[in-house]
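Pasted below: work33.txt, compact mmCIF, C-alpha atoms.
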# COMPACT_ATOMS: atom_id res chain seq x y z
CA MET P 1 -46.09 4.78 47.31
CA VAL P 2 -42.78 6.60 47.51
CA ALA P 3 -40.91 3.35 46.78
CA ALA P 4 -42.92 2.81 43.63
CA ARG P 5 -41.12 5.56 41.77
CA PRO P 6 -37.67 3.96 41.59
CA ASN P 7 -39.36 0.70 40.67
CA LEU P 8 -41.15 2.33 37.86
CA ARG P 9 -37.90 3.83 36.69
CA LEU P 10 -36.24 0.42 36.81
CA ILE P 11 -39.00 -1.12 34.75
CA LEU P 12 -38.74 1.70 32.25
CA GLN P 13 -34.96 1.27 31.99
CA ALA P 14 -35.28 -2.48 31.59
CA THR P 15 -37.87 -2.03 28.87
CA MET P 16 -35.68 0.47 27.06
CA LEU P 17 -32.69 -1.84 27.24
CA ALA P 18 -34.77 -4.72 25.97
CA VAL P 19 -35.83 -2.61 23.02
CA ILE P 20 -32.35 -1.28 22.31
CA PHE P 21 -30.32 -4.46 22.63
CA PRO P 22 -32.06 -6.63 20.06
CA ALA P 23 -31.88 -3.66 17.71
CA VAL P 24 -28.12 -3.42 18.16
CA GLY P 25 -27.73 -7.15 17.69
CA CYS P 26 -29.81 -6.94 14.55
CA ALA P 27 -27.78 -4.11 13.04
CA ASP P 28 -24.58 -6.00 13.76
CA GLU P 29 -25.79 -9.21 12.21
CA MET P 30 -27.03 -7.45 9.13
CA GLY P 31 -24.24 -4.90 8.88
CA THR P 32 -21.11 -6.96 9.36
CA PRO P 33 -21.48 -9.54 6.59
CA ALA P 34 -22.67 -6.84 4.20
CA ARG P 35 -19.51 -4.83 4.81
CA GLN P 36 -17.32 -7.93 4.69
CA GLY P 37 -18.91 -9.01 1.45
CA GLY P 38 -17.93 -12.61 2.05
CA LEU P 39 -14.99 -14.63 0.81
CA VAL P 40 -14.67 -12.99 -2.61
CA ALA P 41 -14.32 -9.50 -1.14
CA LYS P 42 -11.92 -10.71 1.51
CA LEU P 43 -9.73 -12.41 -1.08
CA GLU P 44 -9.63 -9.21 -3.09
CA TYR P 45 -8.59 -7.45 0.10
CA CYS P 46 -5.70 -9.90 0.66
CA LYS P 47 -4.58 -9.61 -2.95
CA THR P 48 -4.51 -5.82 -2.84
CA CYS P 49 -1.28 -6.14 -0.87
CA HIS P 50 -0.11 -9.68 -1.62
CA GLY P 51 -0.34 -9.30 -5.39
CA LEU P 52 -3.32 -9.64 -7.69
CA SER P 53 -2.58 -13.33 -8.21
CA GLY P 54 -1.02 -13.88 -4.79
CA GLN P 55 2.52 -13.66 -6.17
CA GLY P 56 3.58 -11.12 -3.54
CA TYR P 57 4.21 -7.39 -3.88
CA LEU P 58 6.89 -4.92 -3.02
CA GLY P 59 5.37 -2.00 -1.13
CA TYR P 60 7.14 0.00 1.54
CA PHE P 61 7.48 -3.43 3.11
CA PRO P 62 7.79 -6.65 1.13
CA MET P 63 4.44 -8.47 1.09
CA PRO P 64 5.02 -12.22 0.90
CA ARG P 65 3.81 -14.53 -1.83
CA LEU P 66 0.80 -16.53 -0.66
CA ALA P 67 0.20 -18.42 -3.91
CA GLY P 68 0.80 -22.13 -3.51
CA GLN P 69 1.47 -21.69 0.20
CA GLN P 70 0.66 -24.54 2.59
CA PRO P 71 -2.81 -23.87 4.09
CA GLU P 72 -1.70 -25.12 7.52
CA TYR P 73 1.12 -22.60 7.47
CA ILE P 74 -1.11 -19.68 6.49
CA GLU P 75 -3.63 -20.61 9.19
CA ALA P 76 -0.92 -21.00 11.82
CA GLN P 77 0.57 -17.61 10.92
CA LEU P 78 -2.78 -15.80 10.94
CA ARG P 79 -3.43 -17.23 14.39
CA ALA P 80 0.06 -16.18 15.49
CA PHE P 81 -0.69 -12.60 14.36
CA ILE P 82 -3.97 -12.62 16.26
CA GLU P 83 -2.36 -13.98 19.43
CA ARG P 84 0.63 -11.64 18.98
CA ARG P 85 3.08 -14.51 18.84
CA ARG P 86 4.20 -12.98 15.56
CA THR P 87 4.71 -9.24 15.80
CA ASN P 88 3.33 -7.26 12.89
CA PRO P 89 0.94 -4.36 13.48
CA ILE P 90 -0.53 -4.45 9.97
CA MET P 91 -1.23 -8.16 9.99
CA PHE P 92 -2.63 -8.05 13.51
CA ASN P 93 -5.28 -5.60 12.29
CA VAL P 94 -5.95 -7.69 9.22
CA ALA P 95 -6.17 -11.02 11.01
CA HIS P 96 -8.07 -10.25 14.18
CA VAL P 97 -11.36 -9.66 12.32
CA LEU P 98 -11.22 -12.99 10.48
CA SER P 99 -13.57 -15.73 11.65
CA PRO P 100 -12.07 -19.23 11.98
CA SER P 101 -14.01 -20.43 8.94
CA MET P 102 -12.90 -17.42 6.85
CA LEU P 103 -9.33 -18.10 7.89
CA THR P 104 -9.55 -21.67 6.63
CA ALA P 105 -11.27 -20.65 3.39
CA LEU P 106 -8.58 -18.04 2.61
CA ALA P 107 -5.75 -20.46 3.32
CA THR P 108 -7.33 -23.10 1.09
CA HIS P 109 -7.83 -20.63 -1.77
CA PHE P 110 -4.19 -19.54 -1.93
CA ARG P 111 -2.94 -23.13 -2.16
CA GLY P 112 -4.60 -23.38 -5.57
CA LEU P 113 -2.82 -20.39 -7.16
CA ASN P 114 0.34 -20.82 -9.22
CA PRO P 115 1.60 -17.55 -10.76
CA LYS P 116 5.20 -17.08 -11.88
CA PRO P 117 7.66 -15.96 -9.18
CA PHE P 118 7.69 -12.21 -8.49
CA GLY P 119 11.37 -12.04 -9.49
CA GLY P 120 13.82 -9.19 -9.14
CA ALA P 121 16.52 -10.95 -7.10
CA PRO P 122 20.18 -10.56 -8.07
CA ARG P 123 21.35 -13.64 -9.96
CA GLY P 124 25.00 -13.68 -8.90
CA SER P 125 24.60 -15.68 -5.70
CA ILE P 126 22.00 -18.23 -6.85
CA ALA P 127 24.56 -21.07 -7.10
CA THR P 128 25.80 -20.42 -3.55
CA GLY P 129 22.20 -20.26 -2.36
CA LYS P 130 21.38 -23.58 -4.01
CA LYS P 131 24.32 -25.24 -2.26
CA ILE P 132 23.30 -23.90 1.16
CA TYR P 133 19.68 -24.81 0.48
CA GLU P 134 20.48 -28.40 -0.48
CA GLU P 135 23.48 -29.16 1.73
CA GLY P 136 23.36 -26.68 4.60
CA LEU P 137 26.51 -25.33 6.24
CA PRO P 138 27.63 -28.11 8.58
CA GLU P 139 30.54 -26.05 9.95
CA ALA P 140 28.11 -23.29 10.99
CA ASN P 141 25.39 -25.59 12.33
CA VAL P 142 23.02 -24.72 9.50
CA PRO P 143 20.99 -27.73 8.35
CA ALA P 144 19.98 -28.12 4.72
CA CYS P 145 16.83 -26.07 4.09
CA SER P 146 15.63 -28.83 1.79
CA ALA P 147 15.46 -31.28 4.71
CA CYS P 148 12.28 -29.60 5.94
CA HIS P 149 11.12 -27.32 3.11
CA GLY P 150 11.59 -30.00 0.44
CA MET P 151 14.02 -30.16 -2.51
CA GLU P 152 11.64 -28.02 -4.59
CA GLY P 153 10.86 -25.65 -1.71
CA LYS P 154 7.16 -26.50 -1.67
CA GLY P 155 6.96 -26.93 2.13
CA HIS P 156 4.82 -29.39 4.04
CA HIS P 157 1.90 -28.73 6.40
CA GLU P 158 3.07 -26.09 8.88
CA ILE P 159 6.45 -25.78 7.17
CA PRO P 160 6.10 -23.05 4.58
CA ARG P 161 6.64 -23.13 0.85
CA LEU P 162 9.66 -21.00 -0.02
CA ALA P 163 9.54 -21.46 -3.80
CA GLY P 164 8.95 -18.12 -5.51
CA GLN P 165 9.02 -16.18 -2.28
CA LEU P 166 10.01 -12.51 -2.58
CA TYR P 167 13.74 -11.96 -2.22
CA ALA P 168 13.29 -8.97 0.09
CA TYR P 169 10.75 -10.81 2.22
CA THR P 170 12.93 -13.87 2.84
CA ILE P 171 15.80 -11.59 3.79
CA SER P 172 13.63 -9.53 6.14
CA GLN P 173 12.39 -12.66 7.92
CA LEU P 174 15.73 -14.41 8.24
CA THR P 175 17.48 -11.27 9.48
CA GLY P 176 14.71 -10.26 11.87
CA TRP P 177 13.56 -13.66 13.08
CA LYS P 178 13.95 -13.08 16.77
CA LYS P 179 12.22 -9.71 16.71
CA GLU P 180 9.20 -10.60 14.61
CA ARG P 181 8.74 -14.31 15.00
CA GLY P 182 10.42 -15.24 18.26
CA GLN P 183 7.41 -14.39 20.42
CA GLY P 184 5.76 -17.80 20.49
CA SER P 185 8.64 -20.21 20.77
CA ALA P 186 6.89 -22.39 23.34
CA VAL P 187 3.75 -22.95 21.29
CA ASP P 188 4.63 -22.95 17.60
CA THR P 189 7.18 -24.24 15.14
CA SER P 190 8.82 -20.87 14.54
CA ALA P 191 11.39 -21.64 17.23
CA ILE P 192 12.93 -24.25 14.94
CA MET P 193 14.24 -21.47 12.69
CA ALA P 194 15.76 -19.27 15.38
CA PRO P 195 19.23 -20.89 15.63
CA THR P 196 19.43 -21.38 11.85
CA ALA P 197 18.54 -17.76 11.16
CA HIS P 198 21.08 -16.70 13.77
CA ASN P 199 23.89 -18.78 12.27
CA LEU P 200 23.54 -17.52 8.70
CA THR P 201 25.58 -14.49 7.69
CA ARG P 202 23.93 -11.65 5.79
CA SER P 203 25.45 -12.72 2.47
CA GLN P 204 24.40 -16.34 3.05
CA VAL P 205 20.86 -15.16 3.79
CA GLU P 206 20.89 -13.18 0.55
CA ALA P 207 22.14 -16.19 -1.41
CA VAL P 208 19.43 -18.50 -0.07
CA ALA P 209 16.77 -15.80 -0.60
CA ALA P 210 17.90 -15.32 -4.21
CA TYR P 211 17.85 -19.07 -4.84
CA VAL P 212 14.36 -19.75 -3.49
CA SER P 213 12.92 -16.61 -5.09
CA GLN P 214 13.30 -18.09 -8.57
CA LEU P 215 12.03 -21.61 -7.81
CA GLN P 216 8.76 -22.20 -9.63
CA MET N 217 -19.84 23.79 -0.76
CA HIS N 218 -17.75 21.33 -2.73
CA LYS N 219 -19.48 22.18 -5.96
CA ALA N 220 -18.74 25.85 -5.43
CA ARG N 221 -15.12 25.07 -4.72
CA LYS N 222 -14.86 22.96 -7.84
CA LEU N 223 -16.45 25.69 -9.95
CA GLU N 224 -13.99 28.22 -8.64
CA VAL N 225 -11.12 25.91 -9.48
CA MET N 226 -12.43 25.34 -12.98
CA LYS N 227 -12.71 29.09 -13.54
CA ARG N 228 -9.14 29.65 -12.49
CA ILE N 229 -7.95 26.81 -14.67
CA GLY N 230 -9.76 28.33 -17.62
CA LEU N 231 -7.92 31.59 -17.06
CA LYS N 232 -4.66 29.74 -16.79
CA ILE N 233 -5.16 27.93 -20.08
CA ALA N 234 -5.71 31.29 -21.77
CA ILE N 235 -2.51 32.63 -20.26
CA MET N 236 -0.64 29.45 -21.21
CA ALA N 237 -1.79 29.75 -24.78
CA ILE N 238 -0.36 33.27 -24.96
CA VAL N 239 2.86 32.29 -23.23
CA ALA N 240 3.37 29.15 -25.29
CA SER N 241 3.35 31.20 -28.47
CA ALA N 242 6.24 33.21 -27.05
CA ALA N 243 8.07 30.11 -25.76
CA PRO N 244 11.48 30.82 -27.35
CA VAL N 245 11.80 33.82 -25.04
CA TRP N 246 12.20 31.42 -22.09
CA ALA N 247 14.94 29.51 -23.81
CA GLY N 248 17.42 32.27 -23.14
CA ASP N 249 16.52 32.36 -19.46
CA ASP N 250 18.89 31.25 -16.71
CA GLU N 251 16.51 28.51 -15.73
CA ASN N 252 16.34 25.26 -17.67
CA PRO N 253 13.40 25.63 -20.08
CA GLY N 254 12.28 22.06 -19.34
CA VAL N 255 11.98 22.87 -15.65
CA ARG N 256 10.26 26.15 -16.47
CA ASN N 257 7.65 24.31 -18.51
CA CYS N 258 6.76 22.26 -15.43
CA THR N 259 6.89 25.00 -12.82
CA TRP N 260 4.57 27.17 -14.82
CA CYS N 261 1.70 25.00 -13.59
CA HIS N 262 3.26 23.11 -10.67
CA GLY N 263 4.43 26.31 -8.96
CA THR N 264 7.72 28.17 -9.01
CA SER N 265 9.26 25.97 -6.33
CA ALA N 266 7.23 22.98 -7.59
CA GLN N 267 5.07 22.99 -4.46
CA GLY N 268 1.95 22.41 -6.52
CA TYR N 269 -0.79 24.80 -7.53
CA MET N 270 -4.50 24.06 -7.78
CA VAL N 271 -4.95 20.82 -9.72
CA ALA N 272 -1.25 20.50 -10.53
CA PRO N 273 0.30 18.40 -7.74
CA ARG N 274 3.43 19.24 -5.81
CA LEU N 275 6.49 17.70 -7.46
CA ALA N 276 9.04 18.81 -4.88
CA GLY N 277 10.30 15.86 -2.89
CA GLN N 278 8.28 13.36 -4.91
CA ARG N 279 9.99 10.01 -5.58
CA ALA N 280 12.08 10.30 -8.74
CA GLN N 281 11.07 6.84 -9.98
CA TYR N 282 7.42 7.75 -9.51
CA ILE N 283 7.71 11.03 -11.43
CA GLU N 284 9.50 9.19 -14.20
CA SER N 285 6.91 6.42 -14.38
CA GLN N 286 4.07 8.96 -14.47
CA LEU N 287 5.75 10.98 -17.24
CA ARG N 288 6.02 7.76 -19.19
CA SER N 289 2.37 6.94 -18.56
CA PHE N 290 1.29 10.40 -19.74
CA HIS N 291 3.40 9.86 -22.83
CA GLU N 292 1.82 6.46 -23.46
CA HIS N 293 -1.65 7.85 -22.62
CA THR N 294 -2.16 5.20 -19.93
CA ARG N 295 -2.72 7.73 -17.15
CA ASP N 296 -6.01 8.91 -18.48
CA ASN N 297 -7.97 11.01 -15.99
CA PRO N 298 -9.42 14.24 -17.44
CA PHE N 299 -6.71 16.62 -16.13
CA SER N 300 -3.96 14.28 -17.32
CA LYS N 301 -5.52 14.13 -20.74
CA GLN N 302 -6.10 17.86 -20.86
CA TYR N 303 -2.69 19.03 -19.67
CA MET N 304 -0.10 16.34 -19.31
CA TRP N 305 -0.53 14.35 -22.53
CA GLY N 306 0.35 17.43 -24.52
CA ALA N 307 2.97 18.65 -22.07
CA VAL N 308 5.09 15.50 -22.35
CA ALA N 309 4.50 14.75 -26.02
CA ALA N 310 7.97 15.93 -27.01
CA LEU N 311 9.73 14.77 -23.85
CA GLY N 312 12.38 12.06 -24.31
CA PRO N 313 13.15 9.41 -21.67
CA ARG N 314 16.47 10.99 -20.71
CA GLU N 315 14.98 14.43 -20.20
CA ALA N 316 12.11 12.85 -18.23
CA ARG N 317 14.60 11.20 -15.91
CA ASP N 318 16.58 14.43 -15.44
CA LEU N 319 13.42 16.33 -14.58
CA ALA N 320 12.32 13.58 -12.18
CA ILE N 321 15.65 13.63 -10.34
CA TYR N 322 15.62 17.43 -10.19
CA PHE N 323 12.12 17.73 -8.72
CA ALA N 324 12.73 14.86 -6.28
CA SER N 325 15.68 16.84 -4.90
CA LEU N 326 13.56 19.89 -3.96
CA VAL N 327 12.39 20.18 -0.36
CA PRO N 328 8.62 19.63 -0.10
CA LYS N 329 6.27 21.75 2.00
CA ALA N 330 3.04 20.35 3.42
CA ALA N 331 -0.12 21.80 1.86
CA ASN N 332 -1.95 21.81 5.24
CA ASP N 333 -5.24 22.44 3.47
CA GLY N 334 -7.40 19.55 4.65
CA ASP N 335 -10.09 19.53 7.32
CA ARG N 336 -8.33 19.37 10.69
CA ASP N 337 -11.31 17.71 12.33
CA LEU N 338 -11.03 14.73 9.98
CA ALA N 339 -7.27 14.27 10.29
CA ALA N 340 -7.34 11.88 13.26
CA ARG N 341 -9.79 9.57 11.51
CA GLY N 342 -7.72 9.78 8.35
CA ARG N 343 -4.61 8.82 10.27
CA THR N 344 -6.32 5.73 11.68
CA ILE N 345 -7.43 4.63 8.22
CA TYR N 346 -3.96 5.35 6.83
CA LEU N 347 -2.23 3.20 9.44
CA ASP N 348 -4.74 0.43 10.16
CA GLY N 349 -7.14 0.45 7.24
CA ILE N 350 -10.64 -0.74 8.12
CA PRO N 351 -10.26 -4.52 8.07
CA GLU N 352 -13.97 -5.12 8.65
CA ALA N 353 -14.73 -3.18 5.47
CA ASN N 354 -11.82 -4.67 3.49
CA ILE N 355 -10.07 -1.30 3.38
CA VAL N 356 -6.32 -1.90 3.39
CA SER N 357 -3.69 -0.01 5.34
CA CYS N 358 -2.02 2.66 3.19
CA TYR N 359 1.04 2.44 5.37
CA ALA N 360 2.01 -1.01 4.05
CA CYS N 361 2.95 0.48 0.67
CA HIS N 362 3.36 4.22 1.19
CA GLY N 363 5.38 3.97 4.41
CA PRO N 364 4.96 5.06 8.03
CA ASN N 365 5.23 8.75 7.22
CA ALA N 366 3.60 8.60 3.79
CA GLU N 367 7.03 9.18 2.28
CA GLY N 368 6.72 6.60 -0.50
CA VAL N 369 9.52 4.43 -1.83
CA ARG N 370 10.91 3.65 -5.30
CA ASP N 371 8.00 4.22 -7.70
CA ILE N 372 5.41 4.33 -4.91
CA PRO N 373 4.59 8.01 -4.46
CA ARG N 374 5.08 10.22 -1.43
CA LEU N 375 1.62 11.29 -0.28
CA GLY N 376 2.47 13.27 2.83
CA GLY N 377 1.74 16.97 2.40
CA LEU N 378 0.13 16.78 -1.04
CA ALA N 379 -2.87 19.07 -1.49
CA TYR N 380 -6.26 17.95 -0.20
CA PHE N 381 -7.94 18.65 -3.53
CA TYR N 382 -5.41 16.58 -5.46
CA LEU N 383 -5.45 13.63 -3.05
CA LYS N 384 -9.23 13.56 -2.95
CA GLY N 385 -9.49 13.78 -6.71
CA ARG N 386 -7.02 10.99 -7.30
CA LEU N 387 -8.70 8.64 -4.84
CA GLU N 388 -12.04 9.34 -6.49
CA GLN N 389 -10.62 8.79 -9.97
CA TRP N 390 -9.18 5.40 -9.07
CA GLY N 391 -12.63 4.36 -7.96
CA GLN N 392 -14.16 5.72 -11.17
CA GLY N 393 -11.99 3.46 -13.31
CA TYR N 394 -9.28 5.83 -14.52
CA HIS N 395 -5.90 4.22 -14.99
CA SER N 396 -2.36 4.89 -14.06
CA GLY N 397 0.76 3.98 -15.97
CA VAL N 398 2.03 1.15 -13.84
CA GLU N 399 0.35 -2.02 -12.72
CA SER N 400 -1.15 -0.72 -9.55
CA PRO N 401 -3.36 -2.10 -6.82
CA MET N 402 -4.90 1.36 -6.38
CA PRO N 403 -8.14 0.75 -8.33
CA LEU N 404 -8.79 -2.16 -5.96
CA VAL N 405 -7.93 -0.04 -2.93
CA ALA N 406 -10.11 2.88 -3.93
CA ARG N 407 -13.12 0.77 -4.84
CA HIS N 408 -13.71 0.13 -1.15
CA LEU N 409 -13.30 3.74 -0.02
CA GLY N 410 -16.44 5.78 0.61
CA PRO N 411 -16.59 9.60 0.30
CA ASP N 412 -16.14 10.10 4.07
CA GLU N 413 -13.08 7.89 4.13
CA ILE N 414 -11.57 9.68 1.13
CA GLU N 415 -12.07 13.09 2.76
CA ALA N 416 -10.55 11.86 6.00
CA LEU N 417 -7.50 10.39 4.26
CA ALA N 418 -6.95 13.43 2.04
CA SER N 419 -7.27 15.70 5.07
CA TYR N 420 -4.80 13.73 7.17
CA LEU N 421 -2.25 13.43 4.38
CA SER N 422 -2.33 17.15 3.58
CA PHE N 423 -0.87 17.83 7.05
CA VAL N 424 1.88 15.19 6.99
CA LYS N 425 5.36 16.70 6.87

Please lay out the structure from this file as structure tokens.
Amino acid sequence: MVAARPNLRLILQATMLAVIFPAVGCADEMGTPARQGGLVAKLEYCKTCHGLSGQGYLGYFPMPRLAGQQPEYIEAQLRAFIERRRTNPIMFNVAHVLSPSMLTALATHFRGLNPKPFGGAPRGSIATGKKIYEEGLPEANVPACSACHGMEGKGHHEIPRLAGQLYAYTISQLTGWKKERGQGSAVDTSAIMAPTAHNLTRSQVEAVAAYVSQLQ
Amino acid sequence: MHKARKLEVMKRIGLKIAIMAIVASAAPVWAGDDENPGVRNCTWCHGTSAQGYMVAPRLAGQRAQYIESQLRSFHEHTRDNPFSKQYMWGAVAALGPREARDLAIYFASLVPKAANDGDRDLAARGRTIYLDGIPEANIVSCYACHGPNAEGVRDIPRLGGLAYFYLKGRLEQWGQGYHSGVESPMPLVARHLGPDEIEALASYLSFVK
């Protein structure tokens, strides 16, 4: 008789849990999609920072152009943010709530956009940038950018489009490659860029960034 | 509580307009003053050291390019919320671009003081929203544009230390469809913010130094 009391308590607890848990599950299932608002709302969210037509935006940090970007590249980068192979606190927060199917849908959407380049780069070094982009700097072990990114800078699969990319963004990536993007060298293609980024001087980086920023 | 506060503010503004009307008629008197009359016209509402007063935001330490762009948008009637319409459209009507730039540079050079008038209990939540946004609710991080310490950059305004009332009002106005002068993502940002999130953000920012 004495032993019956804890048993009763156990049954009561189990019953309460059974009642509570489905309720929680229910609220989550109903609440999350409503707050996410689906693909349209998520796209609007992306474009708040990356420009209303995906052309990029200059905030406190440069927000890269996503318009016309290779979907495989966008997906690979979002996964890199989630797995912290690419270090960026803002994009980690953004990316880690995205479902795999949302990730694919977003990447596919941006490929279809084609706004004019954001602009704003200095024009003086464009010719130098074009030469480096198309011919590389053999004496400094810098291959031609066009060899992988294409003559028009449109990219290919996991290799990103550079055409129309924000001047400040390209500079920030090429000058900070090791810090931001060198975390996943064993598992992704970002390692390819490490020696190239290292071998370019600041003014060469600026020239290449200016050149690609105005490619349509 | 909020309604009462708003009413009190409106009363005080009413009084101020009456005073302004009297002062404006005697405007030439100021011209002989040591202080630049253009600056004096601003500080009359924005506070003697431009630290803001009631609905008039602090100008001290604000980004010069932002002040300039806002003066232009008042002039072009593109910044169109009720207070802007009521006060600033008239105030800048005779202001040329060169004078606007001089004023902007002058006020940007003044040292700002934090208003510290938000709700301290909401500040921690506001800070989280400021830095991380709420990705699940499509609320973006403010930090990406306004900077780690809400200091702003170029024509993106400094928000740190502005008054709670002003910050709250502006965030509400964006959501209500009022415009600003420049092409801004803020209407999109504010559309996703609920009243609790706005109060938390405005509270946090009011304490940022």

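Excluding Leu66 of chain P itself and any same-chain residue fewer than 6 positions from it, the protein and nucleic acid residues within 8 Å of it, counting all atoms listed in the file, are His50, Gly54, Gln55, Gly56, Phe110 and Arg111 of chain P.
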
Taking C-alpha atoms for each residue, export the selection above as a PDB file, in the frame of the given file.
ATOM      1  CA  HIS P  50      -0.110  -9.680  -1.620  1.00  0.00           C
ATOM      2  CA  GLY P  54      -1.020 -13.880  -4.790  1.00  0.00           C
ATOM      3  CA  GLN P  55       2.520 -13.660  -6.170  1.00  0.00           C
ATOM      4  CA  GLY P  56       3.580 -11.120  -3.540  1.00  0.00           C
ATOM      5  CA  PHE P 110      -4.190 -19.540  -1.930  1.00  0.00           C
ATOM      6  CA  ARG P 111      -2.940 -23.130  -2.160  1.00  0.00           C
TER       7      ARG P 111
END

* Select, counting only C-alpha atoms, all protein, DNA and RNA residues no farther than 12 Å from (25.9, -13.8, 9.8) in file coordinates, and express the selection as a count of residues only. => 18

* To do: Would you kindly report the residues of chain N within 7 Å of chain P, using all atoms listed in the file, as JSON, numbers by chain?
  => {"N": [348, 351, 352, 353, 354, 356, 360, 361, 362, 363, 368, 369, 401, 404, 405]}

* To do: Give as a ChimeraX atom specification each residue that has an atom at most 12 Å from (-9.7, -17.2, 12.4) in the file, counting only C-alpha atoms.
  => /P:74-83,92,94-107

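In this comparison, which uses only C-alpha atoms, the residue of N:Glu367, N:Ala309, N:Tyr322, N:Phe290 approaching Thr259 of chain N most closely is N:Tyr322.
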
Residues at most 8 Å from Gly182 of chain P, counting all atoms listed in the file, excluding those fewer than 6 positions away in the same chain, as a PDB file with C-alpha atoms, keeping the file's coordinate frame?
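Generated output (selection.pdb):
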ATOM      1  CA  ARG P  85       3.080 -14.510  18.840  1.00  0.00           C
ATOM      2  CA  ARG P  86       4.200 -12.980  15.560  1.00  0.00           C
ATOM      3  CA  SER P 190       8.820 -20.870  14.540  1.00  0.00           C
ATOM      4  CA  ALA P 191      11.390 -21.640  17.230  1.00  0.00           C
ATOM      5  CA  ALA P 194      15.760 -19.270  15.380  1.00  0.00           C
TER       6      ALA P 194
END

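The gap separating atom CA of Gly164 of chain P from atom CA of Gln216 of chain P is 5.8 Å, in Å to one decimal.
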
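Among the candidates N:Tyr394, N:Tyr346, N:Phe323, N:Phe423, the residue lying nearest to Arg274 of chain N is N:Phe323 (atoms considered: all atoms listed in the file).
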
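Atom CA of Asn141 of chain P lies 22.6 Å from atom CA of Glu158 of chain P.
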
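Atom CA of Gln69 of chain P sits 7.7 Å away from atom CA of Lys154 of chain P.
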
* Have a look at P:Ala127, P:Ala144, P:Val40, P:Ala121 and name the one nearest to Leu166 of chain P; count only C-alpha atoms. => P:Ala121

With all atoms listed in the file as the counted atoms, please give the residues lying no more than 7 Å from Gly119 of chain P, apart from itself and same-chain residues fewer than 2 positions off, as a PDB file with C-alpha atoms, in the coordinates of the input.
ATOM      1  CA  PRO P 117       7.660 -15.960  -9.180  1.00  0.00           C
ATOM      2  CA  ALA P 121      16.520 -10.950  -7.100  1.00  0.00           C
ATOM      3  CA  SER P 213      12.920 -16.610  -5.090  1.00  0.00           C
ATOM      4  CA  GLN P 214      13.300 -18.090  -8.570  1.00  0.00           C
TER       5      GLN P 214
END

Go ahead and fit an axis-aligned box to every listed atom of segment 368-377 of chain N plus 8 Å each side, and pass me the centre and edge lengths in Å, one decimal, as JSON.
{"center_x": 6.3, "center_y": 10.3, "center_z": -2.4, "size_x": 25.3, "size_y": 29.3, "size_z": 26.5}

If we count all atoms listed in the file and set the cut-off at 9 Å, which residues sit around Pro143 of chain P, ignoring sequence neighbours fewer than 6 positions away in its own chain? Please answer as a PDB file with C-alpha atoms, in the frame of the given file.
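Written output follows (part.pdb):
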ATOM      1  CA  ILE P 132      23.300 -23.900   1.160  1.00  0.00           C
ATOM      2  CA  TYR P 133      19.680 -24.810   0.480  1.00  0.00           C
ATOM      3  CA  GLU P 134      20.480 -28.400  -0.480  1.00  0.00           C
ATOM      4  CA  GLU P 135      23.480 -29.160   1.730  1.00  0.00           C
ATOM      5  CA  GLY P 136      23.360 -26.680   4.600  1.00  0.00           C
ATOM      6  CA  LEU P 137      26.510 -25.330   6.240  1.00  0.00           C
ATOM      7  CA  THR P 196      19.430 -21.380  11.850  1.00  0.00           C
TER       8      THR P 196
END

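Close contacts of Asp371 of chain N, defined as residues with an atom at most 7 Å away when counting all atoms listed in the file, with chain neighbours fewer than 6 positions off set aside, comprise N:Arg279, N:Gln281, N:Tyr282.
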